[in-house]
Amino acid sequence: MKIHRTIALVAILGLLPVVGGLAAQETNRDIDVNALLQRIEELEQRVKIMDRKRELGDEAAAEKAKVTPTVSIGAGGLQVRSADSNFVFRFRGYVQADGRFYAEDESPNGNRNDTFLLRRVRPIFEGTVYERFDYRLMLDFPSGATASAANDVYVQDAYLNARILPQFQVQVGKFKEPVGLERLQSGANLLFIERAYPTQLVPNRDVGLQVHGDLAGGLLRYEAGVFNGVANGGSGDNEQYDDEKDFAARLFATPFIKSGNDWLRGLGVGVAGTYGHQDGPLRSFVTPGQQTFFSYTTGTGTNANVAADGKIWRVSPQAYYYKGPFGIFAEYALSSQHVQRTAAGTSVSETLRNTGWAVSASWFVTGEDNSFKAVTPGKPFTFGGEGWGALELTARYAQLNADNDTFPLYANPDTAASKASSWGVGANWHLNRNVKLSLDYEQTEFDGGNTDFLKDGEKVILTRAQFSF
Amino acid sequence: MKLKQLILPLAAIVGGATLTWSAVAKDFKLLNVSYDPTRELYTEYNAAFAKHWKEKTGDTVHIDQSHGGSGKQARSVIDGLSADVVTLALAYDIDAIAEKARLLPADWQKRLPNNSAPYTSTIVFLVRKGNPKGIKDWNDLVKPGVKIIPANPKTSGAARWTYLAAWGYVLKNGGDNAKAQEFVTKFYKNVPVLDTGARGATTTFIQREIGDVLVGWENEAFLALKEYGPEKFEIIVPSVSILAEPPVTVVDKVAKKKGNEAVAKAYLEFLYSEEGQDIAGRHFYRPRSEKAVAKYAGQFTKVSLFTIDELFGGWQNANKTHFADGGTFDQIQRSSR
């Protein structure tokens with residue numbers, strides 16, 4: 001028993017250092033684990049702090065986005081929009097560099113100068129304030145509009161439009177009178193380089209007030225306004241010649257625009273007209289090559305002078321139709337104007353009714369959907385790439401008839417034609433949304449007149465390089 | 001029919017219709033733009049006032065609430081948020097509305113009792129259960145390794161009170177402004193995240209489990225304790241803190257424009273009623289009325305409180321010195337980077 005006890009004691013004593021070592025190891029491990037846990041906790045805190053900072057950063061960014069305006073630039077120009085979309089400013093515009101080349105004009109008195117010119121140079125500033133008030137300012141710096149060597153400067157559009165309701169909007173300032181269909185089409189989206197004859201029998205831009213809107217969910221558009229009144233084809237900034245105001249109105253329906261019928265969806269028909277009083281100078285009529293073929297007699301003293309002097313009314317039925325790449329565009333205009341001829345203190349007067357009409361058609365060879373508005377090429381042109389842009393072929397026939405009663409008292413039958421008939425073909429190459437190259441050939445024949453020009457007619461090649469943004 | 005015969009019945013009809021119209025109960029809609037942690041207080045208070053107003057006048061009043069950092073809320077009102085009343089964290093923010101937007105008179109604070117502050121509060125600490133970092137007073141917050149969660153004084157009223165409380169602690173213990181700035185600099189060096197508002201800071205501390213101590217509104221600390229339980233958090237009341245007086249006022253021009261002048265005024269006056277004071281106490285704001293003070297005396301730990309006028313010469317001075325661009329807070333922030 002003693003021996004056993006001794007052995008046991010020795011064994012215990014012998015094991016003590018081992019046990020002690022194990023306990024020390026255990027304590028060290030605890031310390032290591034605690035340090036590790038602390039380290040993990042610290043790291044966890046760091047991660048949480050980083051996450052929270054990112055969360056707060058996102059919240060701050062979202063808050064900031066609520067008040068930060070967005071600035072964007074693209075094919076549609078430069079746009080700045082307030083965060084709530086209530087304020088918008090856009091800067092865009094277009095430039096048209098034209099060429100006019102007259103064929104077979106070598107007769108001694110009929111030579112016309114071929115020329116390059118800047119037809120339109122139009123910066124546009126437009127936008128919205130307080131959500132429902134739209135504004136637009138469009139200037140123009142063209143050359144050649146008045147055969148002046150220098151560029152002219154015009155305020156083409158300057159107006160404010162209050163969008164009270166989609167059905168009822170009020171526009172005030174200077175803008176296009178709501179009459180001619182081709183006149184109402186943007187100068188950047190025309191089929192031909194120059195507009196057709198009906199446009200010369202309706203007003204251009206005028207100062208006034210107009211109510212307008214879309215009815216029946218956009219199926220019917222109406223416009224009605226009171227304006228200073230301008231001569232046919234003319235623009236005005238103030239009332240210079242009479243105290244009266246002109247009324248203009250237009251109804252245009254696109255009755256099938258929301259239907260599922262592909263054949264009818266692109267149909268638009270309308271009628272427009274004006275009624276008022278117009279005094280003052282009358283404008284000449286020009287060919288597609290912008291050469292004058294008809295002028296009223298002008299002069300002073302004993303030389304006869306013809307001017308507008310009384311009631312004017314106009315009516316213009318109009319229509320377009322688009323189906324896939326094909327489009328057709330037709331317009332008729334009748335203008336009735338009371339005129340007076342004064343010479344040597346005596347005067348006579350007459351009501352003259354001039355008419356004009358035009359039908360044009362276009363086809364996108366490259367298959368784009370045709371439209372009254374700008375067309376975006378399916379594949380914009382790229383150098384060395386697959387895209388060739390959009391190619392549009394065009395054709396047009398147009399006529400202008402001066403009232404037979406015009407001659408000989410109000411216009412010289414030797415120097416003014418009584419009728420002009422023009423046909424033309426052309427091609428528009430839309431390289432992309434911003435660049436368009438156009439080439440037109442137009443030929444015009446005249447009835448009446450005794451000058452070389454009127455006898456020969458006009459054959460003109462028109463070119464245009466257009467950059468819009 | 002003679003004219004007189006026609007006029008009398010017409011007058012009777014018009015007069016009767018006018019009286020009938022005026023007797024018809026009206027509907028009012030108020031907007032109370034408030035600071036971050038008053039959501040729960042005004043949710044209950046609005047219901048109580050609507051009931052009171054209905055009983056008193058027969059009219060229905062619906063009160064919308066908007067909450068956020070006090071400075072940010074003031075900016076929104078200046079920018080056009082159509083508040084009938086503002087109940088913000090500090091008078092300076094309402095002064096800014098009076099000064100910049102001119103929607104109420106400059107002496108707005110004299111219009112209601114107690115400087116237009118119907119309840120008070122103070123700044124306390126909320127720590128995790130067991131107070132692992134042993135935080136007892138302000139000087140424990142600036143020790144290395146302590147992570148403090150306050151809000152940003154640039155945007156939050158609570159944060160400004162907090163900043164001034166820390167500054168005042170040094171002054172109250174015999175330090176000067178230089179010592180106070182040194183102390184507050186150390187304080188913000190221990191801040192890992194600055195939220196824009198008091199409620200955001202609470203979220204950071206409680207839900208995101210960041211930091212060792214939340215420094216902010218006393219009522220917010222009580223609310224956290226009530227919601228999450230004393231098994232998770234403890235409130236530590238420091239030896240000294242600041243008397244925070246969140247003020248209220250009618251935004252005269254907006255209330256007038258909306259035809260809400262009378263009801264807006266009554267809405268704020270009701271805060272001083274026994275019922276209003278009781279609701280404030282129930283939501284851990286220190287009430288003003290003797291009855292409510294007595295009722296909730298056991299709820300609040302006694303603490304030595306100093307006022308902003310006493311140590312900082314009022315809000316205008318405090319703001320100019322500490323919180324304006326280039327002030328001491330900006331200097332502290334720069335030195336902390």
# chains A, B, ... in the order shown; residues from 1 in each chain; ligands from 1
>>> interface_residues(of="chain B", to="chain A", cutoff="8 Å", atoms="only C-alpha atoms", output="PyMOL selection string")
chain B and resi 192-193+195+204+208-211
>>> residues_around(residues="Ile308 of chain B", least_positions_apart="4", cutoff="8 Å", atoms="only C-alpha atoms", output="NGL selection string")
:B and (164 or 242-243 or 312-315 or 318)
>>> write_last_selection(atoms="N, CA and C atoms", output="mmCIF file, in the first residue's frame")
data_model
loop_
_atom_site.group_PDB
_atom_site.id
_atom_site.type_symbol
_atom_site.label_atom_id
_atom_site.label_comp_id
_atom_site.auth_asym_id
_atom_site.auth_seq_id
_atom_site.Cartn_x
_atom_site.Cartn_y
_atom_site.Cartn_z
ATOM 1 N N LEU B 164 -22.595 72.181 -28.242
ATOM 2 C CA LEU B 164 -22.524 73.247 -27.228
ATOM 3 C C LEU B 164 -22.495 72.661 -25.811
ATOM 4 N N ILE B 242 -26.867 70.787 -21.302
ATOM 5 C CA ILE B 242 -27.449 72.060 -21.755
ATOM 6 C C ILE B 242 -28.967 71.982 -21.718
ATOM 7 N N LEU B 243 -29.590 73.090 -21.404
ATOM 8 C CA LEU B 243 -31.050 73.148 -21.425
ATOM 9 C C LEU B 243 -31.476 73.448 -22.866
ATOM 10 N N PHE B 312 -23.147 81.139 -24.074
ATOM 11 C CA PHE B 312 -22.803 81.449 -25.476
ATOM 12 C C PHE B 312 -23.413 82.752 -25.979
ATOM 13 N N GLY B 313 -24.163 83.426 -25.115
ATOM 14 C CA GLY B 313 -24.745 84.717 -25.525
ATOM 15 C C GLY B 313 -25.855 84.581 -26.547
ATOM 16 N N GLY B 314 -26.575 83.465 -26.498
ATOM 17 C CA GLY B 314 -27.733 83.275 -27.398
ATOM 18 C C GLY B 314 -27.340 82.584 -28.693
ATOM 19 N N TRP B 315 -28.399 82.226 -29.456
ATOM 20 C CA TRP B 315 -28.179 81.437 -30.673
ATOM 21 C C TRP B 315 -27.435 82.170 -31.771
ATOM 22 N N ALA B 318 -23.829 82.097 -30.868
ATOM 23 C CA ALA B 318 -23.319 80.713 -30.921
ATOM 24 C C ALA B 318 -23.154 80.271 -32.365
#
>>> atom_distance(atom1="atom CA of Phe227 of chain A", atom2="atom CA of Gln240 of chain A")
12.7 Å
>>> select_by_dssp(residues="segment 43-258 of chain B", states="strand (DSSP E or B)", output="short mmCIF file (atom, residue, chain, number, x, y, z; two decimals) with N, CA and C atoms, in the first residue's frame")
data_model
loop_
_atom_site.label_atom_id
_atom_site.label_comp_id
_atom_site.auth_asym_id
_atom_site.auth_seq_id
_atom_site.Cartn_x
_atom_site.Cartn_y
_atom_site.Cartn_z
N THR B 60 -63.17 70.17 -38.71
CA THR B 60 -62.23 69.05 -38.83
C THR B 60 -60.86 69.60 -39.20
N VAL B 61 -59.86 69.13 -38.49
CA VAL B 61 -58.52 69.56 -38.85
C VAL B 61 -57.63 68.33 -39.05
N HIS B 62 -56.95 68.35 -40.16
CA HIS B 62 -56.01 67.26 -40.46
C HIS B 62 -54.61 67.85 -40.48
N ILE B 63 -53.72 67.22 -39.74
CA ILE B 63 -52.37 67.79 -39.65
C ILE B 63 -51.36 66.85 -40.31
N ASP B 64 -50.68 67.38 -41.30
CA ASP B 64 -49.58 66.63 -41.92
C ASP B 64 -48.29 66.95 -41.20
N GLN B 65 -47.41 65.97 -41.11
CA GLN B 65 -46.12 66.16 -40.44
C GLN B 65 -44.99 66.02 -41.44
N SER B 66 -43.95 66.82 -41.22
CA SER B 66 -42.73 66.66 -42.01
C SER B 66 -41.57 66.70 -41.03
N HIS B 67 -40.68 65.73 -41.15
CA HIS B 67 -39.57 65.64 -40.19
C HIS B 67 -38.23 65.52 -40.90
N GLY B 68 -37.21 66.05 -40.27
CA GLY B 68 -35.85 65.97 -40.81
C GLY B 68 -34.94 66.78 -39.91
N VAL B 85 -47.11 75.75 -39.43
CA VAL B 85 -46.37 75.93 -38.18
C VAL B 85 -45.02 75.22 -38.32
N VAL B 86 -44.05 75.75 -37.59
CA VAL B 86 -42.77 75.04 -37.50
C VAL B 86 -42.52 74.74 -36.02
N THR B 87 -42.03 73.54 -35.76
CA THR B 87 -41.71 73.13 -34.39
C THR B 87 -40.30 72.55 -34.48
N TYR B 119 -41.93 72.82 -24.26
CA TYR B 119 -41.28 71.72 -23.55
C TYR B 119 -39.78 71.88 -23.71
N THR B 120 -39.02 71.21 -22.88
CA THR B 120 -37.56 71.29 -23.00
C THR B 120 -37.00 69.88 -23.10
N SER B 121 -35.72 69.83 -23.30
CA SER B 121 -35.04 68.54 -23.30
C SER B 121 -33.57 68.82 -22.98
N ILE B 123 -29.28 67.00 -23.45
CA ILE B 123 -28.43 66.04 -24.17
C ILE B 123 -27.89 65.01 -23.18
N VAL B 124 -28.12 63.73 -23.50
CA VAL B 124 -27.64 62.63 -22.64
C VAL B 124 -26.91 61.60 -23.49
N PHE B 125 -26.42 60.55 -22.81
CA PHE B 125 -25.71 59.49 -23.53
C PHE B 125 -26.54 58.19 -23.48
N LEU B 126 -26.52 57.47 -24.57
CA LEU B 126 -27.10 56.14 -24.59
C LEU B 126 -25.97 55.16 -24.89
N VAL B 127 -25.76 54.21 -23.97
CA VAL B 127 -24.67 53.25 -24.17
C VAL B 127 -25.25 51.84 -24.24
N ARG B 128 -24.41 50.92 -24.70
CA ARG B 128 -24.86 49.54 -24.79
C ARG B 128 -24.90 48.92 -23.38
N ILE B 148 -18.01 57.68 -30.71
CA ILE B 148 -19.19 58.48 -30.36
C ILE B 148 -20.07 58.65 -31.60
N ILE B 149 -21.38 58.56 -31.38
CA ILE B 149 -22.31 58.78 -32.50
C ILE B 149 -23.20 59.99 -32.20
N ALA B 151 -25.04 63.57 -34.31
CA ALA B 151 -25.39 63.97 -35.68
C ALA B 151 -24.50 65.13 -36.10
N ASP B 195 -24.26 61.61 -39.01
CA ASP B 195 -25.55 61.59 -39.71
C ASP B 195 -26.09 63.01 -39.84
N VAL B 213 -21.37 54.92 -27.95
CA VAL B 213 -22.27 55.81 -27.25
C VAL B 213 -22.97 56.74 -28.22
N LEU B 214 -24.29 56.81 -28.05
CA LEU B 214 -25.08 57.77 -28.83
C LEU B 214 -25.23 59.01 -27.98
N VAL B 215 -24.83 60.16 -28.54
CA VAL B 215 -24.96 61.42 -27.79
C VAL B 215 -26.02 62.25 -28.48
N GLY B 216 -27.10 62.52 -27.77
CA GLY B 216 -28.19 63.26 -28.41
C GLY B 216 -29.32 63.54 -27.47
N TRP B 217 -30.50 63.72 -28.07
CA TRP B 217 -31.68 64.10 -27.31
C TRP B 217 -32.00 63.09 -26.20
N PHE B 233 -29.80 48.57 -23.73
CA PHE B 233 -29.16 49.89 -23.64
C PHE B 233 -29.34 50.48 -22.25
N GLU B 234 -28.50 51.46 -21.95
CA GLU B 234 -28.59 52.22 -20.70
C GLU B 234 -28.46 53.70 -21.01
N ILE B 235 -29.19 54.51 -20.23
CA ILE B 235 -29.03 55.96 -20.38
C ILE B 235 -28.03 56.44 -19.34
N ILE B 236 -27.08 57.23 -19.78
CA ILE B 236 -26.12 57.85 -18.87
C ILE B 236 -26.35 59.35 -18.90
N VAL B 240 -23.18 67.49 -16.21
CA VAL B 240 -23.68 68.78 -16.63
C VAL B 240 -24.10 68.69 -18.10
N SER B 241 -25.17 69.40 -18.43
CA SER B 241 -25.62 69.40 -19.84
C SER B 241 -26.31 70.71 -20.14
N ILE B 242 -26.87 70.79 -21.30
CA ILE B 242 -27.45 72.06 -21.75
C ILE B 242 -28.97 71.98 -21.72
N ALA B 244 -32.03 72.45 -23.52
CA ALA B 244 -32.47 72.63 -24.91
C ALA B 244 -33.93 73.05 -24.91
N VAL B 248 -41.54 76.70 -31.01
CA VAL B 248 -42.63 76.50 -31.98
C VAL B 248 -43.18 77.86 -32.39
N THR B 249 -43.68 77.95 -33.59
CA THR B 249 -44.34 79.19 -34.00
C THR B 249 -45.20 78.97 -35.22
N VAL B 250 -46.14 79.90 -35.41
CA VAL B 250 -46.95 79.91 -36.63
C VAL B 250 -46.14 80.59 -37.73
#
>>> residues_around(residues="segment 31-45 of chain B", least_positions_apart="6", cutoff="9 Å", atoms="only C-alpha atoms", output="ChimeraX atom specification")
/B:62-74,77,81-89,156-158,197-200,217,219-220,248,271,275-276,279-280,282-285
>>> residues_around(residues="Gly457 of chain A", least_positions_apart="5", cutoff="8 Å", atoms="only C-alpha atoms", output="ChimeraX atom specification")
/A:443-446
>>> write_last_selection(atoms="N, CA and C atoms", output="JSON list (two decimals), in the first residue's frame")
[["chain", "number", "residue", "atom", "x", "y", "z"],
["A", 443, "GLN", "N", -37.96, 72.71, -112.72],
["A", 443, "GLN", "CA", -38.15, 73.37, -114.02],
["A", 443, "GLN", "C", -39.49, 74.10, -113.99],
["A", 444, "THR", "N", -39.47, 75.32, -114.45],
["A", 444, "THR", "CA", -40.67, 76.15, -114.37],
["A", 444, "THR", "C", -40.98, 76.74, -115.74],
["A", 445, "GLU", "N", -42.24, 76.69, -116.09],
["A", 445, "GLU", "CA", -42.71, 77.36, -117.32],
["A", 445, "GLU", "C", -43.74, 78.40, -116.94],
["A", 446, "PHE", "N", -43.79, 79.44, -117.76],
["A", 446, "PHE", "CA", -44.68, 80.55, -117.43],
["A", 446, "PHE", "C", -45.69, 80.76, -118.54]]
>>> select_by_dssp(residues="segment 121-318 of chain A", states="helix (DSSP H, G or I)", output="MDAnalysis selection string")
chainID A and resid 181:184 197:201 216:218
>>> write_last_selection(atoms="C-alpha atoms", output="PDB file, in the first residue's frame")
ATOM      1  CA  LEU A 181     -49.296  73.448 -94.106  1.00  0.00           C
ATOM      2  CA  GLU A 182     -45.844  73.638 -95.660  1.00  0.00           C
ATOM      3  CA  ARG A 183     -45.228  76.951 -93.907  1.00  0.00           C
ATOM      4  CA  LEU A 184     -45.975  75.273 -90.583  1.00  0.00           C
ATOM      5  CA  TYR A 197     -46.301  78.260-104.407  1.00  0.00           C
ATOM      6  CA  PRO A 198     -49.170  77.967-101.891  1.00  0.00           C
ATOM      7  CA  THR A 199     -46.791  79.197 -99.204  1.00  0.00           C
ATOM      8  CA  GLN A 200     -46.521  82.499-101.105  1.00  0.00           C
ATOM      9  CA  LEU A 201     -50.256  83.045-100.750  1.00  0.00           C
ATOM     10  CA  ALA A 216     -60.438  64.287 -78.811  1.00  0.00           C
ATOM     11  CA  GLY A 217     -57.191  62.944 -77.412  1.00  0.00           C
ATOM     12  CA  GLY A 218     -55.074  64.438 -80.176  1.00  0.00           C
TER      13      GLY A 218
END
>>> decode(residues="segment 55-105 of chain A", atoms="C-alpha atoms", output="PDB file, in the first residue's frame")
ATOM      1  CA  GLU A  55     -25.471  54.373 -47.061  1.00  0.00           C
ATOM      2  CA  LEU A  56     -25.337  58.007 -45.937  1.00  0.00           C
ATOM      3  CA  GLY A  57     -23.453  58.897 -49.106  1.00  0.00           C
ATOM      4  CA  ASP A  58     -26.210  57.290 -51.175  1.00  0.00           C
ATOM      5  CA  GLU A  59     -28.860  59.139 -49.186  1.00  0.00           C
ATOM      6  CA  ALA A  60     -27.005  62.421 -49.665  1.00  0.00           C
ATOM      7  CA  ALA A  61     -26.618  61.714 -53.376  1.00  0.00           C
ATOM      8  CA  ALA A  62     -30.330  60.954 -53.656  1.00  0.00           C
ATOM      9  CA  GLU A  63     -31.158  64.182 -51.828  1.00  0.00           C
ATOM     10  CA  LYS A  64     -28.780  66.099 -54.026  1.00  0.00           C
ATOM     11  CA  ALA A  65     -30.275  64.547 -57.140  1.00  0.00           C
ATOM     12  CA  LYS A  66     -33.623  66.001 -56.104  1.00  0.00           C
ATOM     13  CA  VAL A  67     -32.300  69.529 -56.587  1.00  0.00           C
ATOM     14  CA  THR A  68     -29.472  69.051 -59.054  1.00  0.00           C
ATOM     15  CA  PRO A  69     -30.292  70.023 -62.626  1.00  0.00           C
ATOM     16  CA  THR A  70     -29.393  67.598 -65.369  1.00  0.00           C
ATOM     17  CA  VAL A  71     -27.375  68.726 -68.334  1.00  0.00           C
ATOM     18  CA  SER A  72     -27.510  66.668 -71.484  1.00  0.00           C
ATOM     19  CA  ILE A  73     -26.169  67.113 -74.962  1.00  0.00           C
ATOM     20  CA  GLY A  74     -26.989  65.074 -78.000  1.00  0.00           C
ATOM     21  CA  ALA A  75     -28.519  65.126 -81.442  1.00  0.00           C
ATOM     22  CA  GLY A  76     -31.300  67.348 -80.106  1.00  0.00           C
ATOM     23  CA  GLY A  77     -28.926  70.040 -78.857  1.00  0.00           C
ATOM     24  CA  LEU A  78     -27.974  71.148 -75.391  1.00  0.00           C
ATOM     25  CA  GLN A  79     -30.535  70.772 -72.632  1.00  0.00           C
ATOM     26  CA  VAL A  80     -30.537  71.827 -69.003  1.00  0.00           C
ATOM     27  CA  ARG A  81     -33.408  70.526 -66.884  1.00  0.00           C
ATOM     28  CA  SER A  82     -34.159  71.307 -63.253  1.00  0.00           C
ATOM     29  CA  ALA A  83     -34.464  68.306 -60.952  1.00  0.00           C
ATOM     30  CA  ASP A  84     -38.244  68.703 -60.738  1.00  0.00           C
ATOM     31  CA  SER A  85     -38.495  69.185 -64.536  1.00  0.00           C
ATOM     32  CA  ASN A  86     -40.327  72.474 -64.022  1.00  0.00           C
ATOM     33  CA  PHE A  87     -37.580  74.456 -65.688  1.00  0.00           C
ATOM     34  CA  VAL A  88     -36.020  73.466 -68.971  1.00  0.00           C
ATOM     35  CA  PHE A  89     -33.640  75.290 -71.254  1.00  0.00           C
ATOM     36  CA  ARG A  90     -32.628  74.048 -74.676  1.00  0.00           C
ATOM     37  CA  PHE A  91     -30.180  75.456 -77.132  1.00  0.00           C
ATOM     38  CA  ARG A  92     -30.349  74.143 -80.636  1.00  0.00           C
ATOM     39  CA  GLY A  93     -30.473  75.459 -84.162  1.00  0.00           C
ATOM     40  CA  TYR A  94     -29.697  74.811 -87.775  1.00  0.00           C
ATOM     41  CA  VAL A  95     -27.640  76.158 -90.649  1.00  0.00           C
ATOM     42  CA  GLN A  96     -28.398  75.723 -94.331  1.00  0.00           C
ATOM     43  CA  ALA A  97     -25.656  76.394 -96.879  1.00  0.00           C
ATOM     44  CA  ASP A  98     -27.284  76.432-100.300  1.00  0.00           C
ATOM     45  CA  GLY A  99     -26.190  76.562-103.902  1.00  0.00           C
ATOM     46  CA  ARG A 100     -28.334  77.814-106.811  1.00  0.00           C
ATOM     47  CA  PHE A 101     -27.249  76.923-110.323  1.00  0.00           C
ATOM     48  CA  TYR A 102     -29.323  78.125-113.247  1.00  0.00           C
ATOM     49  CA  ALA A 103     -29.229  76.248-116.557  1.00  0.00           C
ATOM     50  CA  GLU A 104     -29.755  77.669-120.028  1.00  0.00           C
ATOM     51  CA  ASP A 105     -29.736  81.252-118.812  1.00  0.00           C
TER      52      ASP A 105
END
